[in-house]
Amino acid sequence: ADASAHTLPTTLGVMGQGGGELRGLSMTSCQLPANDQWSVLGSSTSGEDLVVTFENPNSSPSVVTLEGYGANGPIDAKPHQMTIPARSTQSVLAGGLFPEESALAVHIHADGQGVATWVQSSAMQGEVPKGVTSVSGTKPREDQLFLGLSKQGSSSLRLLVPPSGTGDEADTHVALSYTSDAGTFNVPGGELDVSAGTVVDVPLNGITDERYALRVHADRPLVAQVVTNSEQEEYPGGQRWGMRAGMSSAQGVVHAQLPSASTVEALVRSRLSSTILRGTAQESGSGVGEISSHLLLTSVHSQSGIQLQLGSEQVTLEAGKMAMLDLPSQDTSLESPSDVAIAIEVEAKTPSGVLRAVWPLSADDVEQASTSITVH
């Protein structure tokens, strides 16, 4: 394998609040600008907010074109455009462009040197916060692998096959399987055909493993993201707080520099201990207590086992299984003879319940090794 093509730097962005209406935790890779990206997270119905943020670190402006897709196909015949000035950041509320869409996907095209994109999805039920999550823009692939899903809460996979041109509604066959510490299995009801340009949500019911990796295979490239919603501690008045966790796919790498548990947990503690930006209608606690972090690993090719070098230790990944280890206490290098999918999972205890976030390591950020990366 050519290690230079699959090498991952540690460029972690942590976003979160330990309380208030924006209570949540997200971890994403810092982004390089790109010309073509997708978001398949969130909705624009009542009680939901979907904010798309663009950063242009370049010396010239970039014109961004936004196209919306929903459960019934393309939303508007005419795309929306906005200009992102040089060295600036701008956000747009997707509901203002594509209102009342329960399953929303947004195609983001940027001219020039491109922009970096993040998407934030949040929900309120009356005055009760139901969670906030952020993910980076994603790209179409035939094979996608999501590490760190849990049987806790309600998880759903969102899929969209980008149309190759006007009028393309051809079906694409999609097969879902999952890998846990018990092996690799087919997802119940996980064989489906998806029409190009139509957004499809697939509930991930019937999987009882505590932790698992979801594998998505399609006959042609598609975009996919996972979201988990779960109820937490009681909110004043009898309802319950919610937690929302979005997840993007992890891509295979053969070498990665992993941050230590203390580094990751310190970043998370700093964010969750910060001043609340938007308080709740009822007085409620905020902050963070105990934090734990784990390393999730599985072979990209489920039929083969791998012998990894994790710092000074050797780790055996059994064929068709996922491993969960404590994140090492020191900064550590990981070496693998073949592609392995890696994610870091963090759980943080807050007064309103345990927040959980997964950082899927991906080589997308190193396509242009000479481009600087801004840490947020």
# chains A, B, ... in the order shown; residues from 1 in each chain; ligands from 1
>>> select_by_dssp(residues="segment 114-325 of chain A", states="helix (DSSP H, G or I)", output="list of chain:residue names")
A:Ala261, A:Ser262, A:Thr263, A:Val264, A:Glu265, A:Ala266, A:Leu267, A:Val268, A:Arg269, A:Ser270, A:Arg271, A:Leu272
>>> residues_around(residues="Leu41 of chain A", least_positions_apart="3", cutoff="8 Å", atoms="only C-alpha atoms", output="ChimeraX atom specification")
/A:103-105,119,121,158,225-227,246
>>> atom_distance(atom1="atom CA of Ser46 of chain A", atom2="atom CA of Ser155 of chain A")
20.4 Å
>>> atom_distance(atom1="atom CA of Gly20 of chain A", atom2="atom CA of Ser249 of chain A")
28.7 Å
>>> residues_around(residues="Gly305 of chain A", least_positions_apart="6", cutoff="8 Å", atoms="only C-alpha atoms", output="ChimeraX atom specification")
/A:299,316-320
>>> select_by_dssp(residues="segment 179-278 of chain A", states="strand (DSSP E)", output="ChimeraX atom specification")
/A:179-180,183-195,200-203,211-234,240-247,253-258
>>> residues_around(residues="Glu283 of chain A", least_positions_apart="2", cutoff="10 Å", atoms="only C-alpha atoms", output="list in words")
Gly20, Tyr235, Pro236, Gly279, Thr280, Ala281, Gly285 and Ser286 of chain A
>>> residues_around(residues="segment 259-264 of chain A", least_positions_apart="5", cutoff="10 Å", atoms="only C-alpha atoms", output="CSV table (one decimal) with N, CA, C and O atoms, in the first residue's frame")
chain,number,residue,atom,x,y,z
A,9,PRO,N,-3.5,13.2,9.4
A,9,PRO,CA,-3.0,14.0,10.6
A,9,PRO,C,-4.2,14.1,11.6
A,9,PRO,O,-5.3,13.9,11.3
A,10,THR,N,-3.8,14.5,12.8
A,10,THR,CA,-4.8,14.7,13.8
A,10,THR,C,-5.3,16.2,13.8
A,10,THR,O,-4.6,17.0,14.4
A,11,THR,N,-6.4,16.4,13.2
A,11,THR,CA,-6.9,17.8,13.0
A,11,THR,C,-8.3,17.7,13.5
A,11,THR,O,-9.3,17.6,12.7
A,12,LEU,N,-8.5,17.8,14.8
A,12,LEU,CA,-9.8,17.6,15.4
A,12,LEU,C,-10.5,18.9,15.8
A,12,LEU,O,-9.9,19.7,16.4
A,13,GLY,N,-11.7,19.0,15.4
A,13,GLY,CA,-12.6,20.2,15.8
A,13,GLY,C,-13.6,19.7,16.8
A,13,GLY,O,-14.3,18.7,16.5
A,14,VAL,N,-13.8,20.3,18.0
A,14,VAL,CA,-14.8,19.9,19.0
A,14,VAL,C,-15.8,21.0,19.1
A,14,VAL,O,-15.4,22.2,19.3
A,27,MET,N,-17.7,16.0,17.2
A,27,MET,CA,-16.3,16.0,16.9
A,27,MET,C,-16.1,15.8,15.4
A,27,MET,O,-16.7,14.8,14.9
A,269,ARG,N,-13.9,18.7,27.6
A,269,ARG,CA,-14.2,19.4,28.8
A,269,ARG,C,-14.2,20.9,28.7
A,269,ARG,O,-15.1,21.6,29.2
A,291,ILE,N,-15.6,12.0,31.9
A,291,ILE,CA,-15.4,11.9,30.4
A,291,ILE,C,-14.6,10.6,30.2
A,291,ILE,O,-13.6,10.3,30.9
A,292,SER,N,-15.0,9.8,29.2
A,292,SER,CA,-14.3,8.6,28.8
A,292,SER,C,-14.1,8.6,27.3
A,292,SER,O,-14.9,9.2,26.6
A,293,SER,N,-13.0,8.0,26.8
A,293,SER,CA,-12.7,8.0,25.4
A,293,SER,C,-12.3,6.6,24.9
A,293,SER,O,-11.5,5.9,25.7
A,294,HIS,N,-12.7,6.2,23.8
A,294,HIS,CA,-12.4,4.9,23.2
A,294,HIS,C,-11.9,4.9,21.8
A,294,HIS,O,-12.3,5.9,21.1
A,295,LEU,N,-11.2,3.9,21.4
A,295,LEU,CA,-10.8,3.8,20.0
A,295,LEU,C,-11.5,2.6,19.4
A,295,LEU,O,-11.6,1.5,19.9
A,326,ASP,N,-9.5,1.2,24.9
A,326,ASP,CA,-9.3,2.5,25.5
A,326,ASP,C,-8.4,3.3,24.7
A,326,ASP,O,-7.4,2.8,24.1
A,327,LEU,N,-8.7,4.6,24.5
A,327,LEU,CA,-7.8,5.5,23.7
A,327,LEU,C,-6.5,5.6,24.5
A,327,LEU,O,-6.5,5.8,25.7
A,328,PRO,N,-5.3,5.4,23.9
A,328,PRO,CA,-4.0,5.4,24.6
A,328,PRO,C,-3.8,6.7,25.4
A,328,PRO,O,-4.3,7.8,25.0
A,329,SER,N,-3.1,6.6,26.5
A,329,SER,CA,-2.9,7.8,27.4
A,329,SER,C,-1.8,8.7,26.8
A,329,SER,O,-1.7,9.9,27.3
A,330,GLN,N,-1.1,8.3,25.8
A,330,GLN,CA,-0.1,9.2,25.1
A,330,GLN,C,-0.4,9.3,23.6
A,330,GLN,O,-1.1,8.4,23.1
A,331,ASP,N,0.0,10.4,23.0
A,331,ASP,CA,-0.1,10.5,21.6
A,331,ASP,C,0.6,9.2,20.9
A,331,ASP,O,1.7,8.8,21.3
A,332,THR,N,-0.1,8.6,20.0
A,332,THR,CA,0.3,7.3,19.5
A,332,THR,C,0.2,7.2,18.0
A,332,THR,O,-0.8,7.7,17.4
A,333,SER,N,1.1,6.5,17.4
A,333,SER,CA,1.0,6.2,15.9
A,333,SER,C,0.3,4.9,15.7
A,333,SER,O,0.6,3.9,16.5
A,344,ILE,N,-12.8,7.6,17.0
A,344,ILE,CA,-12.6,7.9,18.4
A,344,ILE,C,-14.0,8.3,19.0
A,344,ILE,O,-14.7,9.2,18.4
A,345,GLU,N,-14.4,7.6,20.0
A,345,GLU,CA,-15.7,7.8,20.6
A,345,GLU,C,-15.5,8.4,22.0
A,345,GLU,O,-14.6,8.0,22.7
A,346,VAL,N,-16.3,9.4,22.3
A,346,VAL,CA,-16.2,10.1,23.6
A,346,VAL,C,-17.6,10.1,24.2
A,346,VAL,O,-18.6,10.4,23.6
>>> closest_atom_pairs(of="segment 139-221 of chain A", to="segment 33-36 of chain A", cutoff="12 Å", atoms="only C-alpha atoms", output="tab-separated table")
residue	atom	partner	partner_atom	distance
A:Lys139	CA	A:Asp36	CA	7.5
A:Pro140	CA	A:Asp36	CA	9.8
A:Pro162	CA	A:Asp36	CA	11.7
>>> closest_residue(among="A:Ser156, A:Leu192, A:Ala94, A:His255", to="Gly206 of chain A", atoms="only C-alpha atoms")
A:Ser156
>>> residues_around(residues="Val223 of chain A", least_positions_apart="2", cutoff="7 Å", atoms="only C-alpha atoms", output="ChimeraX atom specification")
/A:138-141,159-161
>>> closest_residue(among="A:Val135, A:Leu147, A:Val64, A:Leu361", to="Ser26 of chain A", atoms="only C-alpha atoms")
A:Val135
>>> residues_around(residues="Thr208 of chain A", least_positions_apart="6", cutoff="10 Å", atoms="only C-alpha atoms", output="MDAnalysis selection string")
chainID A and resid 150:152
>>> closest_residue(among="A:Ser154, A:Gln309, A:Gln125, A:Gln31", to="Thr53 of chain A", atoms="only C-alpha atoms")
A:Gln31
>>> atom_distance(atom1="atom CA of Ala196 of chain A", atom2="atom CA of Gly167 of chain A")
9.1 Å
>>> decode(residues="segment 214-233 of chain A", atoms="N, CA, C and O atoms", output="CSV table (one decimal), in the first residue's frame")
chain,number,residue,atom,x,y,z
A,214,LEU,N,-21.6,0.1,10.8
A,214,LEU,CA,-22.6,-0.1,9.7
A,214,LEU,C,-21.9,0.0,8.4
A,214,LEU,O,-21.1,1.0,8.1
A,215,ARG,N,-22.1,-1.0,7.5
A,215,ARG,CA,-21.4,-1.0,6.2
A,215,ARG,C,-22.5,-0.8,5.1
A,215,ARG,O,-23.5,-1.5,5.1
A,216,VAL,N,-22.3,0.2,4.2
A,216,VAL,CA,-23.2,0.5,3.1
A,216,VAL,C,-22.5,0.2,1.8
A,216,VAL,O,-21.4,0.8,1.5
A,217,HIS,N,-23.1,-0.6,1.0
A,217,HIS,CA,-22.6,-0.9,-0.4
A,217,HIS,C,-23.6,-0.6,-1.4
A,217,HIS,O,-24.8,-1.0,-1.2
A,218,ALA,N,-23.3,0.2,-2.4
A,218,ALA,CA,-24.2,0.5,-3.5
A,218,ALA,C,-23.6,0.3,-4.9
A,218,ALA,O,-22.4,0.2,-5.0
A,219,ASP,N,-24.5,0.1,-5.9
A,219,ASP,CA,-24.0,-0.2,-7.2
A,219,ASP,C,-23.4,1.1,-7.9
A,219,ASP,O,-22.7,1.0,-8.9
A,220,ARG,N,-23.7,2.3,-7.4
A,220,ARG,CA,-23.1,3.5,-7.9
A,220,ARG,C,-22.9,4.4,-6.7
A,220,ARG,O,-23.5,4.2,-5.6
A,221,PRO,N,-22.1,5.5,-6.8
A,221,PRO,CA,-21.8,6.3,-5.7
A,221,PRO,C,-23.1,7.0,-5.1
A,221,PRO,O,-23.9,7.4,-5.8
A,222,LEU,N,-23.1,7.0,-3.7
A,222,LEU,CA,-24.2,7.7,-3.0
A,222,LEU,C,-23.6,8.5,-1.9
A,222,LEU,O,-22.5,8.2,-1.5
A,223,VAL,N,-24.4,9.4,-1.3
A,223,VAL,CA,-24.0,10.1,-0.1
A,223,VAL,C,-24.9,9.5,1.0
A,223,VAL,O,-26.1,9.2,0.9
A,224,ALA,N,-24.3,9.5,2.2
A,224,ALA,CA,-24.9,8.9,3.3
A,224,ALA,C,-24.4,9.5,4.6
A,224,ALA,O,-23.3,9.8,4.8
A,225,GLN,N,-25.3,9.6,5.6
A,225,GLN,CA,-25.0,10.0,7.0
A,225,GLN,C,-26.0,9.4,7.9
A,225,GLN,O,-27.1,9.0,7.5
A,226,VAL,N,-25.6,9.2,9.2
A,226,VAL,CA,-26.4,8.6,10.2
A,226,VAL,C,-26.7,9.6,11.3
A,226,VAL,O,-25.8,10.4,11.6
A,227,VAL,N,-27.9,9.5,11.8
A,227,VAL,CA,-28.2,10.3,13.0
A,227,VAL,C,-28.9,9.4,14.0
A,227,VAL,O,-29.7,8.5,13.7
A,228,THR,N,-28.5,9.7,15.3
A,228,THR,CA,-29.1,9.0,16.4
A,228,THR,C,-29.8,10.0,17.4
A,228,THR,O,-29.2,11.0,17.7
A,229,ASN,N,-31.0,9.7,17.7
A,229,ASN,CA,-31.8,10.6,18.7
A,229,ASN,C,-32.1,9.7,19.9
A,229,ASN,O,-32.6,8.6,19.8
A,230,SER,N,-31.9,10.2,21.1
A,230,SER,CA,-32.2,9.5,22.3
A,230,SER,C,-32.7,10.4,23.4
A,230,SER,O,-32.3,11.6,23.5
A,231,GLU,N,-33.6,9.9,24.3
A,231,GLU,CA,-34.1,10.6,25.4
A,231,GLU,C,-33.2,10.5,26.6
A,231,GLU,O,-32.6,9.5,26.8
A,232,GLN,N,-33.1,11.6,27.4
A,232,GLN,CA,-32.2,11.6,28.5
A,232,GLN,C,-32.9,11.9,29.8
A,232,GLN,O,-34.0,11.5,30.0
A,233,GLU,N,-32.2,12.7,30.7
A,233,GLU,CA,-32.8,13.0,32.0
A,233,GLU,C,-34.1,13.9,31.8
A,233,GLU,O,-34.3,14.5,30.8
